[in-house]
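*Asks:* Supplied in structure tokens, the structure appears directly below.
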Amino acid sequence: MRLLDIAEQIGAQLQGDEAIELTGVAGFSNAAPQDLIFLEDSKFADAANASSAGACVVGQFDESVLNSIAARRPILIAKNPRLAFARAAEILRRADQPIEVIHPTAVVDPTAKLAPGVSVGPGVFIGPRVVLGPRVGIGPGCVLLSDVVLGEDTVLIARVTIYANTTVGQRCIIHAGAVLGSDGFGFVRDETGRYQKFPQIGSLVIGNDVEVGANTTIDRGALESTVIGNGVKVDNLVQIAHNVEVGDDVVIASQTGVSGSSVIERNCIVAGQVGIADHVRIEEGAILGAQCGVPSRKIIRGKGVVFWGTPARPIAEYLRELAALARLTRRKKPGE
Amino acid sequence: MRLLDIAEQIGAQLQGDEAIELTGVAGFSNAAPQDLIFLEDSKFADAANASSAGACVVGQFDESVLNSIAARRPILIAKNPRLAFARAAEILRRADQPIEVIHPTAVVDPTAKLAPGVSVGPGVFIGPRVVLGPRVGIGPGCVLLSDVVLGEDTVLIARVTIYANTTVGQRCIIHAGAVLGSDGFGFVRDETGRYQKFPQIGSLVIGNDVEVGANTTIDRGALESTVIGNGVKVDNLVQIAHNVEVGDDVVIASQTGVSGSSVIERNCIVAGQVGIADHVRIEEGAILGAQCGVPSRKIIRGKGVVFWGTPARPIAEYLRELAALARLTRRKKPGE
Amino acid sequence: MRLLDIAEQIGAQLQGDEAIELTGVAGFSNAAPQDLIFLEDSKFADAANASSAGACVVGQFDESVLNSIAARRPILIAKNPRLAFARAAEILRRADQPIEVIHPTAVVDPTAKLAPGVSVGPGVFIGPRVVLGPRVGIGPGCVLLSDVVLGEDTVLIARVTIYANTTVGQRCIIHAGAVLGSDGFGFVRDETGRYQKFPQIGSLVIGNDVEVGANTTIDRGALESTVIGNGVKVDNLVQIAHNVEVGDDVVIASQTGVSGSSVIERNCIVAGQVGIADHVRIEEGAILGAQCGVPSRKIIRGKGVVFWGTPARPIAEYLRELAALARLTRRKKPGE
């Protein structure tokens, strides 16, 4: 891809040879001449200069710094070089799509509908009435049960399982081992104390531009739907239970669990190993610190406020308690 | 399936047209005329009446309420409508079993024994001497290593892996990505500080009517067995280590971990993200609250008592401590 | 395998018939005449004597005890009988390797290089330029994307996914459902609050003699590498994020999560459900107790010291705080 085209698409100002061709991005040390690198802080300019990369995204540095870097290779000047680099990486990745192919070992139900540009890897199973949008990529070993719908440009890396009636939007990336639309954990106890499975026949609806990490599980609704908004990013080994609603642009880090019927409103940030019990509401923009726990039916409110501990409370409060506790044990020493 | 047959099997009293045919269950809003719905609380009778469902399970409401609902569609009157509905859902699900078929892409070892009614999906591998009971269903992409035994009517949804010598009982449901019978985590440190793998050659024995969630892992015993009782329900992403014993009708929620050689006696309820260390005994009927931690070799006793915190203690005690801690920090404010 | 050969390889002193042939190891109760058992504590000598095993590894017990056991079957006398038994188990396991075979349903890219003795199971996909060392075993349903390298004698049990450019050393065991080299969780927030994926194009390098548990996920580096040292043992459902470095002979128990760019130095022991935030350094030989949490950028120092709680602190300190807290609530009772 021509550097000029990349510059235009990421809105960066190009200085240097605009005709060079790039194929990917890299770090300083492992970049080849076809790779793009980025420099966020001008104090690492020497390290960038020592790279073999073909071009470099840079910040709006002093002109002397810019010139010293541009003397080595073309530069793309951007207000936020990390963001510009990330966008360039995505543009280059999309330009490098696998060619359309249905691997001969894939089993595709005759009632499935595959749009142009779809690629299906070896050992894939695509069930009845599945609908795959343009340029969808299904990696090796994936299983799509009946009536699954995937929007255009969505990619399943490998060995993803999607249960019946699950809908995934456009431009999503689903990593290996993820399970989408599995049965929720719902039972009714009978007179003898045994658990009777409550039907888990709702659906799972995932928006656009969502990324789901490796071995993460997202359950379908019991009778209604589990809903994941647009732009949501979910890390590895996360559990999202039945009937949960996750708003747009929420980030959920690894090993966090969200119990049934809870709501995480838009723009929340949920750190790793957080536990959110059932029927909880995390209001817009709240930040849940790592390992914190939100008890059943609680409402967490506070845009930009960090919550910590179990039960989750504002971090300042939690730290005061920790300090008080530490003082308490100091007081107990003999002679004090 | 005829409504009268359903009514008889779930022990409900039928009022209305007993000849109508149903194929499934649904929620109020998405039910079709072939679906059954249920109404637990008569104050939602209007919502139930607005549904397109073919029949409705209801509680033992006032006769006027029953008549208003029965005016719209046949009703099944049950003491516990939620339980009756769940049972009807299971009956309808079993009536809708896939037809017997061994997919041509499945690899079935010639020494495996498949009972009548077994279905095997695409891309499945069934190893030497595996025994599958009547009507067992093996979904796409499952791997059963040698000498696995599955009891009648057990279903593996998709991409389940079962290690050698694992036995699973009747009517179990194993969800996608689950791994049953994996090696336990056992090592012996040698003179130089390196870890030598200790053999993990015991087995895993799972009872009847067990459900295992997506991407959950249950290890085999080291030399003896890991044992999961009848009616146990295990959620997604749970870890159960080697030599653990789980009693009948235990429920374990998502992301909980049970370490080696621990025992969870019958009727216990274990919430999400709980950590149970090794050689622990959770006595009959105890309830472990979310995220609590039980240290090594502890005994937890108290039928119906909720435990919380790390180390786990009765919830009343934990809450008193939290309150005392909060008071402590309040006292520290200037002027107090 | 002849008992004499086993004795020589594990460095044990043989007493009794050196010509008997063994095929495996077992526990007292389920051992067959071809099996080896072990006795660590002479007070269980009667139980060992009652076993059907063909031979027994024993400690350096009193001669009368040794003679009583040797009267029943040959014994292998070792300083550390548990370690000797574990070594014998591994020797017997390696002697029982599957024969070299590429299953006809496996899809192996023509540019992949398979050394002699490699076995590839059914439904496996091996991508372009993959390199498999001598005697590598790839179990059913595994997916190896492009440019993966596996060292000699490494075994993937089943349904393992390995992303492009991942390198795994020699004699490793990777359990079912594990995902190696998945994308890290890295995003750049743009002006509108949306998350742009930051490229995750580094690699994952795993050393020799590493064991990775079922459904564990280890991410590749963002631009550089994630590195797992030699002899590292990782349990089930563990998450290791991008750019993490794990030193030699580290043990990480189930459901622990290690966030981006953190370092765990050699010989550390990390218990289950531990959370290690980003840019943390766990210095050599430290021990992190179950469920503890290490906040971002912290350094944990103390060879052989156990840390507990969140934020993680030396266990003595944590226990003092727990005791102080308990006293505090006792003090609050009326009349005290």
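If you're wondering about the labels, chains in the structure tokens are A, B, ... by order shown, residues count from 1 in each chain, ligands from 1 in order shown.
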Hey, list the chain A side of the contact with chain B: 7 Å cut-off, only C-alpha atoms, answer as a PyMOL selection string.

*Replies:* chain A and resi 123+125+143+161+177+179+182+185+188+190+194-199+215+217+223-224+320-321+324

*Asks:* Applying 6 Å and only C-alpha atoms, which residues near range 40-54 of chain A remain after dropping the ones on its own chain fewer than 5 positions away? List them as an MDAnalysis selection string.

*Replies:* chainID A and resid 28 31:35 59 81

*Asks:* Using DSSP on the backbone coordinates, identify the residues of range 196-284 of chain C assigned to strand (DSSP E or B); present them as JSON, numbers by chain.

*Replies:* {"C": [196, 197, 203, 204, 205, 206, 211, 212, 217, 218, 219, 225, 226, 227, 228, 233, 234, 239, 240, 245, 246, 251, 252, 257, 258, 263, 264, 269, 270, 275, 276, 281, 282]}

*Asks:* Limited to C-alpha atoms, could you put the picked residues into a file as a compact mmCIF listing (two decimals), in the first residue's frame?

*Replies:*
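Printed below is out_1.txt as written:
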```txt
# COMPACT_ATOMS: atom_id res chain seq x y z
CA GLN C 196 -9.13 1.69 18.02
CA LYS C 197 -7.34 -1.66 18.09
CA SER C 203 5.30 -13.01 19.08
CA LEU C 204 5.08 -15.58 21.84
CA VAL C 205 8.17 -17.57 22.77
CA ILE C 206 7.79 -20.54 25.12
CA GLU C 211 3.25 -27.43 30.64
CA VAL C 212 0.19 -25.31 29.78
CA THR C 217 -4.69 -18.31 27.14
CA ILE C 218 -1.29 -16.72 26.55
CA ASP C 219 -1.18 -13.60 24.38
CA SER C 225 7.42 -10.68 22.50
CA THR C 226 5.75 -12.44 25.38
CA VAL C 227 8.32 -14.81 26.87
CA ILE C 228 7.75 -17.94 28.98
CA LYS C 233 4.15 -24.93 34.72
CA VAL C 234 0.85 -23.19 34.04
CA GLN C 239 -4.49 -15.70 31.44
CA ILE C 240 -1.07 -14.31 30.54
CA GLU C 245 7.96 -12.28 30.92
CA VAL C 246 7.85 -15.41 33.07
CA VAL C 251 4.54 -22.28 38.76
CA ILE C 252 1.20 -20.55 38.12
CA GLY C 257 -4.27 -13.55 35.51
CA VAL C 258 -1.08 -11.69 34.62
CA VAL C 263 7.57 -9.77 34.94
CA ILE C 264 7.57 -12.86 37.15
CA ILE C 269 5.14 -19.66 42.96
CA VAL C 270 1.82 -18.08 42.05
CA GLY C 275 -4.41 -11.05 39.89
CA ILE C 276 -1.21 -9.36 38.78
CA ARG C 281 7.66 -7.14 38.89
CA ILE C 282 7.52 -10.24 41.09
```

*Asks:* Which value, in Å to one decimal, gives the distance between CA of Arg171 in chain A and CA of Ile126 in chain A?

*Replies:*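 For CA of Arg171 in chain A relative to CA of Ile126 in chain A, the distance reads 19.3 Å.
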
*Asks:* May I ask which of the residues C:Ile102, C:Ala95, C:Ile69, C:Leu144 is the closest one to Arg2 in chain C, counting only C-alpha atoms?

*Replies:*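 For Arg2 in chain C, the nearest of the candidates is C:Ala95.
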
*Asks:* Using backbone DSSP assignments, extract all helix (DSSP H, G or I) residues from range 28-88 of chain B; output them as a list in words.

*Replies:* Ser42, Lys43, Phe44, Ala45, Asp46, Ala47, Ala48, Asn49, Glu63, Ser64, Val65, Leu66, Asn67, Ser68, Ile69, Ala70, Pro81, Arg82, Leu83, Ala84, Phe85, Ala86, Arg87 and Ala88 of chain B

*Asks:* Rounded to one decimal in Å, what is the spacing between CA of Gly137 in chain A and CA of Ala106 in chain A?

*Replies:*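 One can read the CA of Gly137 in chain A to CA of Ala106 in chain A distance as 12.9 Å.
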
*Asks:* Pick the closest to Val118 in chain B from B:Thr310, B:Asn208, B:Gln9, B:Thr154: which is it, counting only C-alpha atoms?

*Replies:*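 Ranked by minimum distance to Val118 in chain B, first place goes to B:Thr154.
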
*Asks:* Between C:Ala112, C:Leu3, C:Leu132, C:Lys303, which is the closest to Leu92 in chain C once you count only C-alpha atoms?

*Replies:*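 Ranking C:Ala112, C:Leu3, C:Leu132, C:Lys303 by distance to Leu92 in chain C, first place goes to C:Leu3.
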
*Asks:* Quick one: residues within 7 Å of Gln60 in chain B, only C-alpha atoms, excluding same-chain residues fewer than 4 positions away - as a ChimeraX atom specification?

*Replies:* /B:77-79

*Asks:* Only N, CA and C atoms, please: the residues just picked out, written as a PDB file, in the first residue's frame.

*Replies:*
```
ATOM      1  N   ILE B  77     -52.560 -25.338  34.695  1.00  0.00           N
ATOM      2  CA  ILE B  77     -52.481 -24.802  36.059  1.00  0.00           C
ATOM      3  C   ILE B  77     -51.538 -25.670  36.892  1.00  0.00           C
ATOM      4  N   ALA B  78     -50.537 -25.026  37.506  1.00  0.00           N
ATOM      5  CA  ALA B  78     -49.524 -25.764  38.270  1.00  0.00           C
ATOM      6  C   ALA B  78     -49.239 -25.043  39.574  1.00  0.00           C
ATOM      7  N   LYS B  79     -48.884 -25.792  40.593  1.00  0.00           N
ATOM      8  CA  LYS B  79     -48.540 -25.202  41.888  1.00  0.00           C
ATOM      9  C   LYS B  79     -47.317 -24.290  41.734  1.00  0.00           C
TER      10      LYS B  79
END
```
